[in-house]
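Chemist: File name run.pdb; file contents PDB, C-alpha atoms; full text below.
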```
ATOM      1  CA  MET A 645       0.000   0.000   0.000
ATOM      2  CA  THR A 646       2.826   2.405   0.871
ATOM      3  CA  ASP A 647       4.472   1.706  -2.495
ATOM      4  CA  MET A 648       1.252   2.519  -4.315
ATOM      5  CA  ILE A 649       0.884   5.816  -2.452
ATOM      6  CA  ALA A 650       4.515   6.736  -3.170
ATOM      7  CA  TYR A 651       4.092   5.806  -6.853
ATOM      8  CA  THR A 652       0.881   7.842  -7.139
ATOM      9  CA  ARG A 653       2.487  10.803  -5.397
ATOM     10  CA  LYS A 654       5.507  10.642  -7.718
ATOM     11  CA  LYS A 655       3.294  10.535 -10.829
ATOM     12  CA  PHE A 656       1.154  13.388  -9.521
ATOM     13  CA  ILE A 657       4.177  15.570  -8.836
ATOM     14  CA  ARG A 658       5.575  14.773 -12.303
ATOM     15  CA  LEU A 659       2.284  15.713 -13.940
ATOM     16  CA  LEU A 660       2.071  18.890 -11.888
ATOM     17  CA  ARG A 661       5.561  19.852 -12.944
ATOM     18  CA  LEU A 662       4.813  19.250 -16.613
ATOM     19  CA  ASP A 663       1.659  21.356 -16.486
ATOM     20  CA  PHE A 664       3.476  24.001 -14.466
ATOM     21  CA  ILE A 665       6.358  24.099 -16.950
ATOM     22  CA  ARG A 666       3.957  24.505 -19.863
ATOM     23  CA  PHE A 667       1.974  27.068 -17.900
ATOM     24  CA  SER A 668       5.172  28.986 -17.172
ATOM     25  CA  ILE A 669       6.283  28.922 -20.818
ATOM     26  CA  VAL A 670       2.922  30.317 -21.875
ATOM     27  CA  GLY A 671       3.151  32.878 -19.073
ATOM     28  CA  GLY A 672       6.593  33.859 -20.333
ATOM     29  CA  THR A 673       5.237  34.551 -23.813
ATOM     30  CA  GLY A 674       2.407  36.555 -22.245
ATOM     31  CA  PHE A 675       4.973  38.480 -20.214
ATOM     32  CA  VAL A 676       6.897  39.406 -23.380
ATOM     33  CA  ILE A 677       3.709  40.429 -25.204
ATOM     34  CA  ASN A 678       2.588  42.489 -22.216
ATOM     35  CA  PHE A 679       5.982  44.157 -21.822
ATOM     36  CA  VAL A 680       6.305  45.055 -25.525
ATOM     37  CA  ILE A 681       2.821  46.572 -25.634
ATOM     38  CA  LEU A 682       3.293  48.365 -22.305
ATOM     39  CA  THR A 683       6.587  49.831 -23.502
ATOM     40  CA  LEU A 684       5.307  50.841 -26.937
ATOM     41  CA  LEU A 685       2.178  52.477 -25.586
ATOM     42  CA  HIS A 686       3.868  54.205 -22.660
ATOM     43  CA  LYS A 687       7.257  55.198 -24.062
ATOM     44  CA  SER A 688       6.378  55.722 -27.726
ATOM     45  CA  LEU A 689       2.827  57.035 -27.546
ATOM     46  CA  GLY A 690       2.912  58.677 -24.115
ATOM     47  CA  ILE A 691      -0.063  56.732 -22.754
ATOM     48  CA  SER A 692      -0.122  56.496 -18.957
ATOM     49  CA  VAL A 693       1.520  53.434 -17.417
ATOM     50  CA  PHE A 694      -1.815  52.394 -15.911
ATOM     51  CA  VAL A 695      -3.682  52.388 -19.237
ATOM     52  CA  ALA A 696      -0.733  50.943 -21.185
ATOM     53  CA  GLN A 697      -0.379  48.099 -18.659
ATOM     54  CA  PHE A 698      -4.096  47.394 -18.721
ATOM     55  CA  ILE A 699      -4.136  47.132 -22.525
ATOM     56  CA  GLY A 700      -0.954  45.041 -22.619
ATOM     57  CA  ALA A 701      -2.282  42.703 -19.944
ATOM     58  CA  GLU A 702      -5.580  42.163 -21.759
ATOM     59  CA  ILE A 703      -3.863  41.315 -25.045
ATOM     60  CA  ALA A 704      -1.440  38.980 -23.251
ATOM     61  CA  LEU A 705      -4.389  37.401 -21.438
ATOM     62  CA  PHE A 706      -6.092  36.453 -24.697
ATOM     63  CA  SER A 707      -2.826  35.080 -26.094
ATOM     64  CA  ASN A 708      -2.308  33.035 -22.925
ATOM     65  CA  PHE A 709      -5.823  31.638 -23.134
ATOM     66  CA  MET A 710      -5.294  30.450 -26.697
ATOM     67  CA  LEU A 711      -1.946  28.833 -25.860
ATOM     68  CA  HIS A 712      -3.282  27.175 -22.706
ATOM     69  CA  ASN A 713      -6.321  25.825 -24.502
ATOM     70  CA  ASN A 714      -4.359  24.540 -27.495
ATOM     71  CA  TRP A 715      -1.150  23.399 -25.782
ATOM     72  CA  THR A 716      -0.874  23.488 -21.967
ATOM     73  CA  TYR A 717      -4.191  21.757 -21.286
ATOM     74  CA  LYS A 718      -5.089  20.343 -24.700
ATOM     75  CA  ASN A 719      -5.166  16.764 -23.382
ATOM     76  CA  LYS A 720      -7.523  17.520 -20.518
ATOM     77  CA  LYS A 721     -10.971  15.965 -20.784
ATOM     78  CA  VAL A 722     -12.974  19.121 -20.238
ATOM     79  CA  LYS A 723     -16.691  19.163 -20.960
ATOM     80  CA  LYS A 724     -17.068  22.904 -21.469
ATOM     81  CA  SER A 725     -17.675  24.991 -24.546
ATOM     82  CA  LEU A 726     -14.929  27.276 -25.832
ATOM     83  CA  MET A 727     -17.030  30.287 -24.828
ATOM     84  CA  SER A 728     -17.431  28.913 -21.301
ATOM     85  CA  LEU A 729     -13.662  28.400 -21.033
ATOM     86  CA  ILE A 730     -12.977  31.936 -22.276
ATOM     87  CA  ILE A 731     -15.442  33.441 -19.795
ATOM     88  CA  GLN A 732     -14.059  31.409 -16.874
ATOM     89  CA  PHE A 733     -10.472  32.233 -17.816
ATOM     90  CA  HIS A 734     -11.260  35.934 -18.055
ATOM     91  CA  ALA A 735     -13.273  35.985 -14.833
ATOM     92  CA  THR A 736     -10.562  34.239 -12.826
ATOM     93  CA  THR A 737      -7.701  36.179 -14.398
ATOM     94  CA  TRP A 738      -9.208  39.647 -14.015
ATOM     95  CA  PRO A 739      -8.265  39.972 -10.332
ATOM     96  CA  ALA A 740      -4.660  39.321 -11.369
ATOM     97  CA  ILE A 741      -4.978  41.816 -14.246
ATOM     98  CA  PHE A 742      -6.269  44.550 -11.954
ATOM     99  CA  GLY A 743      -3.690  43.696  -9.310
ATOM    100  CA  SER A 744      -0.925  43.681 -11.909
ATOM    101  CA  THR A 745      -2.067  46.998 -13.352
ATOM    102  CA  PHE A 746      -2.030  48.661  -9.933
ATOM    103  CA  MET A 747       1.298  47.031  -8.984
ATOM    104  CA  VAL A 748       3.009  48.124 -12.199
ATOM    105  CA  ALA A 749       1.643  51.671 -12.047
ATOM    106  CA  SER A 750       2.544  51.963  -8.341
ATOM    107  CA  GLY A 751       5.959  50.380  -8.821
ATOM    108  CA  VAL A 752       6.826  52.837 -11.578
ATOM    109  CA  LYS A 753       5.340  55.931  -9.919
ATOM    110  CA  TYR A 754       6.159  55.427  -6.238
ATOM    111  CA  PHE A 755       9.127  53.057  -6.192
ATOM    112  CA  HIS A 756      10.735  54.332  -9.399
ATOM    113  CA  LEU A 757      11.005  50.822 -10.845
ATOM    114  CA  SER A 758      11.410  50.322 -14.549
ATOM    115  CA  ASN A 759       8.406  49.000 -16.457
ATOM    116  CA  LEU A 760      10.210  45.658 -16.777
ATOM    117  CA  SER A 761      10.978  45.348 -13.057
ATOM    118  CA  ALA A 762       7.470  46.354 -11.995
ATOM    119  CA  LEU A 763       5.922  43.923 -14.477
ATOM    120  CA  ALA A 764       8.222  41.115 -13.306
ATOM    121  CA  VAL A 765       7.205  41.626  -9.668
ATOM    122  CA  SER A 766       3.509  41.705 -10.517
ATOM    123  CA  SER A 767       3.820  38.599 -12.717
ATOM    124  CA  ILE A 768       5.476  36.588  -9.963
ATOM    125  CA  VAL A 769       2.713  37.583  -7.542
ATOM    126  CA  ALA A 770      -0.017  36.558 -10.031
ATOM    127  CA  LEU A 771       1.615  33.246 -11.022
ATOM    128  CA  GLY A 772       0.196  31.090  -8.234
ATOM    129  CA  TRP A 773      -3.291  32.541  -8.509
ATOM    130  CA  ASN A 774      -3.489  32.031 -12.263
ATOM    131  CA  PHE A 775      -1.991  28.514 -12.217
ATOM    132  CA  GLY A 776      -4.344  27.320  -9.492
ATOM    133  CA  TRP A 777      -7.471  28.561 -11.241
ATOM    134  CA  SER A 778      -6.344  27.306 -14.663
ATOM    135  CA  LYS A 779      -5.333  23.800 -13.606
ATOM    136  CA  TYR A 780      -7.854  23.024 -10.897
ATOM    137  CA  VAL A 781     -10.967  24.864 -12.048
ATOM    138  CA  ILE A 782     -11.021  25.933 -15.693
ATOM    139  CA  TRP A 783      -9.269  22.990 -17.380
ATOM    140  CA  ARG A 784     -10.002  20.426 -14.664
ATOM    141  CA  SER A 785     -10.235  16.954 -16.193
ATOM    142  CA  VAL A 786     -13.541  15.173 -15.930
ATOM    143  CA  THR A 787     -13.526  11.406 -15.291
ATOM    144  CA  GLU A 788     -15.730   8.973 -17.191
ATOM    145  CA  ASP A 789     -17.919   8.538 -14.075
ATOM    146  CA  GLN A 790     -18.369  12.294 -13.834
ATOM    147  CA  ILE A 791     -19.272  12.474 -17.532
ATOM    148  CA  GLU A 792     -21.960   9.819 -17.038
ATOM    149  CA  GLU A 793     -23.239  11.654 -13.952
ATOM    150  CA  ILE A 794     -23.415  14.954 -15.856
ATOM    151  CA  ALA A 795     -25.174  13.290 -18.801
ATOM    152  CA  SER A 796     -27.894  11.712 -16.644
TER
END
```
When written as structure tokens, how does the structure in this file appear?
Modeler:
Amino acid sequence: MTDMIAYTRKKFIRLLRLDFIRFSIVGGTGFVINFVILTLLHKSLGISVFVAQFIGAEIALFSNFMLHNNWTYKNKKVKKSLMSLIIQFHATTWPAIFGSTFMVASGVKYFHLSNLSALAVSSIVALGWNFGWSKYVIWRSVTEDQIEEIAS
């Protein structure tokens, strides 16, 4: 029995790491997209950091959703429509978007951080929140028994 528990734990941790690695890669691409848009809008067009960060974060959010749906969690047995997934992803990510927007704007204005540094800090803070919601709520796998229960 102990061997089975250890084996299951090892497999679970391995799976978690794989999903987390994919999640982090997608997050990294979102970070780059967000940073480029934030920088272009703020430095080149003179838009406030707050507005530039908000726009950059929203565009990165949509990119992250597409990558998560088509790569990170593509093998999950999820019985939800694409629209339902998009709405759930947006709803659970918005607190991180607002938090990130305020952290970046505050970091730049009050702590004199660069856009990159402020965005990095806010991204690290949001990482756990976003991963938890994505893996355990939005793209949570449904077992065959659960599918039958839902269908009846």
Chemist: Show me the residues around (-3.9, 47.4, -14.3) - criterion: an atom at most 12 Å away, all atoms listed in the file counted - as a ChimeraX atom specification.
Modeler: /A:678,682,692-702,737-751,762-763,766-767
Chemist: Can you work out which one of A:Ile731, A:Leu685, A:Ile677, A:Val722 has the shortest atom-to-atom distance to A:Ile703, counting all atoms listed in the file?
Modeler: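 Of the candidates, the smallest distance to A:Ile703 is held by A:Ile677.
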Chemist: How many Å separate atom CA of A:Thr683 from atom CA of A:Ile665?
Modeler: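 Distance reported for this atom pair: 26.6 Å.
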Chemist: Go through A:Ile691, A:Phe664, A:Val680, A:Ser728 and flag the residue nearest A:Gly772, using all atoms listed in the file for the distances.
Modeler: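 Among the listed residues, A:Phe664 lies closest to A:Gly772.
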Chemist: For the structure shown, which residues end up in the PyMOL selection byres ((chain A and resi 779) around 10)? Put them as an MDAnalysis selection string, please?
Modeler: chainID A and resid 660 663:664 667 712 716:717 720 774:778 780:785
Chemist: Considering all atoms listed in the file, state which residue in the set A:Asp647, A:Lys687, A:Arg658, A:Ser707 is at the smallest distance from A:Val670.
Modeler: A:Ser707
Chemist: For a test of reading the model, state the distance in Å between atom CA of A:Asn759 and atom CA of A:Thr673, rounded to one decimal.
Modeler: 16.5 Å
Chemist: Record the distance separating atom CA of A:Leu760 and atom CA of A:Trp715, expressed in Å with one decimal.
Modeler: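 Pair atom CA of A:Leu760 / atom CA of A:Trp715 returns 26.6 Å.
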Chemist: Name the closest residue to A:Leu711 among the candidates A:Ile669, A:Ala764, A:Ala770, A:Leu757; distances are taken between atoms, counting only C-alpha atoms.
Modeler: A:Ile669
Chemist: Using all atoms listed in the file, which of A:Thr736, A:Ile649, A:His756, A:Ser725 sits nearest A:Trp773?
Modeler: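 Under the stated criterion, the closest residue is A:Thr736.
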Chemist: Please reconstruct the missing atoms of stretch 682-700 of chain A (target: N, CA and C atoms) and return them as an mmCIF file, keeping the file's coordinate frame.
Modeler:
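In the end it all went to out16.cif:
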```cif
data_model
loop_
_atom_site.group_PDB
_atom_site.id
_atom_site.type_symbol
_atom_site.label_atom_id
_atom_site.label_comp_id
_atom_site.auth_asym_id
_atom_site.auth_seq_id
_atom_site.Cartn_x
_atom_site.Cartn_y
_atom_site.Cartn_z
ATOM 1 N N LEU A 682 3.154 47.353 -23.356
ATOM 2 C CA LEU A 682 3.293 48.365 -22.305
ATOM 3 C C LEU A 682 4.346 49.397 -22.694
ATOM 4 N N THR A 683 5.493 48.929 -23.144
ATOM 5 C CA THR A 683 6.587 49.831 -23.502
ATOM 6 C C THR A 683 6.228 50.704 -24.708
ATOM 7 N N LEU A 684 5.680 50.078 -25.746
ATOM 8 C CA LEU A 684 5.307 50.841 -26.937
ATOM 9 C C LEU A 684 4.263 51.914 -26.616
ATOM 10 N N LEU A 685 3.233 51.521 -25.889
ATOM 11 C CA LEU A 685 2.178 52.477 -25.586
ATOM 12 C C LEU A 685 2.648 53.586 -24.647
ATOM 13 N N HIS A 686 3.438 53.208 -23.651
ATOM 14 C CA HIS A 686 3.868 54.205 -22.660
ATOM 15 C C HIS A 686 5.016 55.070 -23.178
ATOM 16 N N LYS A 687 6.059 54.440 -23.661
ATOM 17 C CA LYS A 687 7.257 55.198 -24.062
ATOM 18 C C LYS A 687 7.091 55.879 -25.428
ATOM 19 N N SER A 688 6.473 55.168 -26.374
ATOM 20 C CA SER A 688 6.378 55.722 -27.726
ATOM 21 C C SER A 688 5.169 56.626 -27.931
ATOM 22 N N LEU A 689 4.050 56.267 -27.315
ATOM 23 C CA LEU A 689 2.827 57.035 -27.546
ATOM 24 C C LEU A 689 2.432 57.926 -26.366
ATOM 25 N N GLY A 690 3.169 57.818 -25.258
ATOM 26 C CA GLY A 690 2.912 58.677 -24.115
ATOM 27 C C GLY A 690 1.651 58.347 -23.324
ATOM 28 N N ILE A 691 1.119 57.156 -23.510
ATOM 29 C CA ILE A 691 -0.063 56.732 -22.754
ATOM 30 C C ILE A 691 0.370 56.433 -21.321
ATOM 31 N N SER A 692 -0.479 56.725 -20.357
ATOM 32 C CA SER A 692 -0.122 56.496 -18.957
ATOM 33 C C SER A 692 0.243 55.030 -18.723
ATOM 34 N N VAL A 693 1.097 54.801 -17.743
ATOM 35 C CA VAL A 693 1.520 53.434 -17.417
ATOM 36 C C VAL A 693 0.309 52.584 -17.067
ATOM 37 N N PHE A 694 -0.626 53.135 -16.331
ATOM 38 C CA PHE A 694 -1.815 52.394 -15.911
ATOM 39 C C PHE A 694 -2.594 51.886 -17.125
ATOM 40 N N VAL A 695 -2.904 52.761 -18.052
ATOM 41 C CA VAL A 695 -3.682 52.388 -19.237
ATOM 42 C C VAL A 695 -2.866 51.463 -20.141
ATOM 43 N N ALA A 696 -1.593 51.774 -20.342
ATOM 44 C CA ALA A 696 -0.733 50.943 -21.185
ATOM 45 C C ALA A 696 -0.612 49.529 -20.619
ATOM 46 N N GLN A 697 -0.468 49.416 -19.297
ATOM 47 C CA GLN A 697 -0.379 48.099 -18.659
ATOM 48 C C GLN A 697 -1.690 47.342 -18.789
ATOM 49 N N PHE A 698 -2.786 48.029 -18.617
ATOM 50 C CA PHE A 698 -4.096 47.394 -18.721
ATOM 51 C C PHE A 698 -4.307 46.822 -20.124
ATOM 52 N N ILE A 699 -3.978 47.587 -21.142
ATOM 53 C CA ILE A 699 -4.136 47.132 -22.525
ATOM 54 C C ILE A 699 -3.182 45.970 -22.813
ATOM 55 N N GLY A 700 -1.930 46.112 -22.415
ATOM 56 C CA GLY A 700 -0.954 45.041 -22.619
ATOM 57 C C GLY A 700 -1.356 43.755 -21.924
#
```
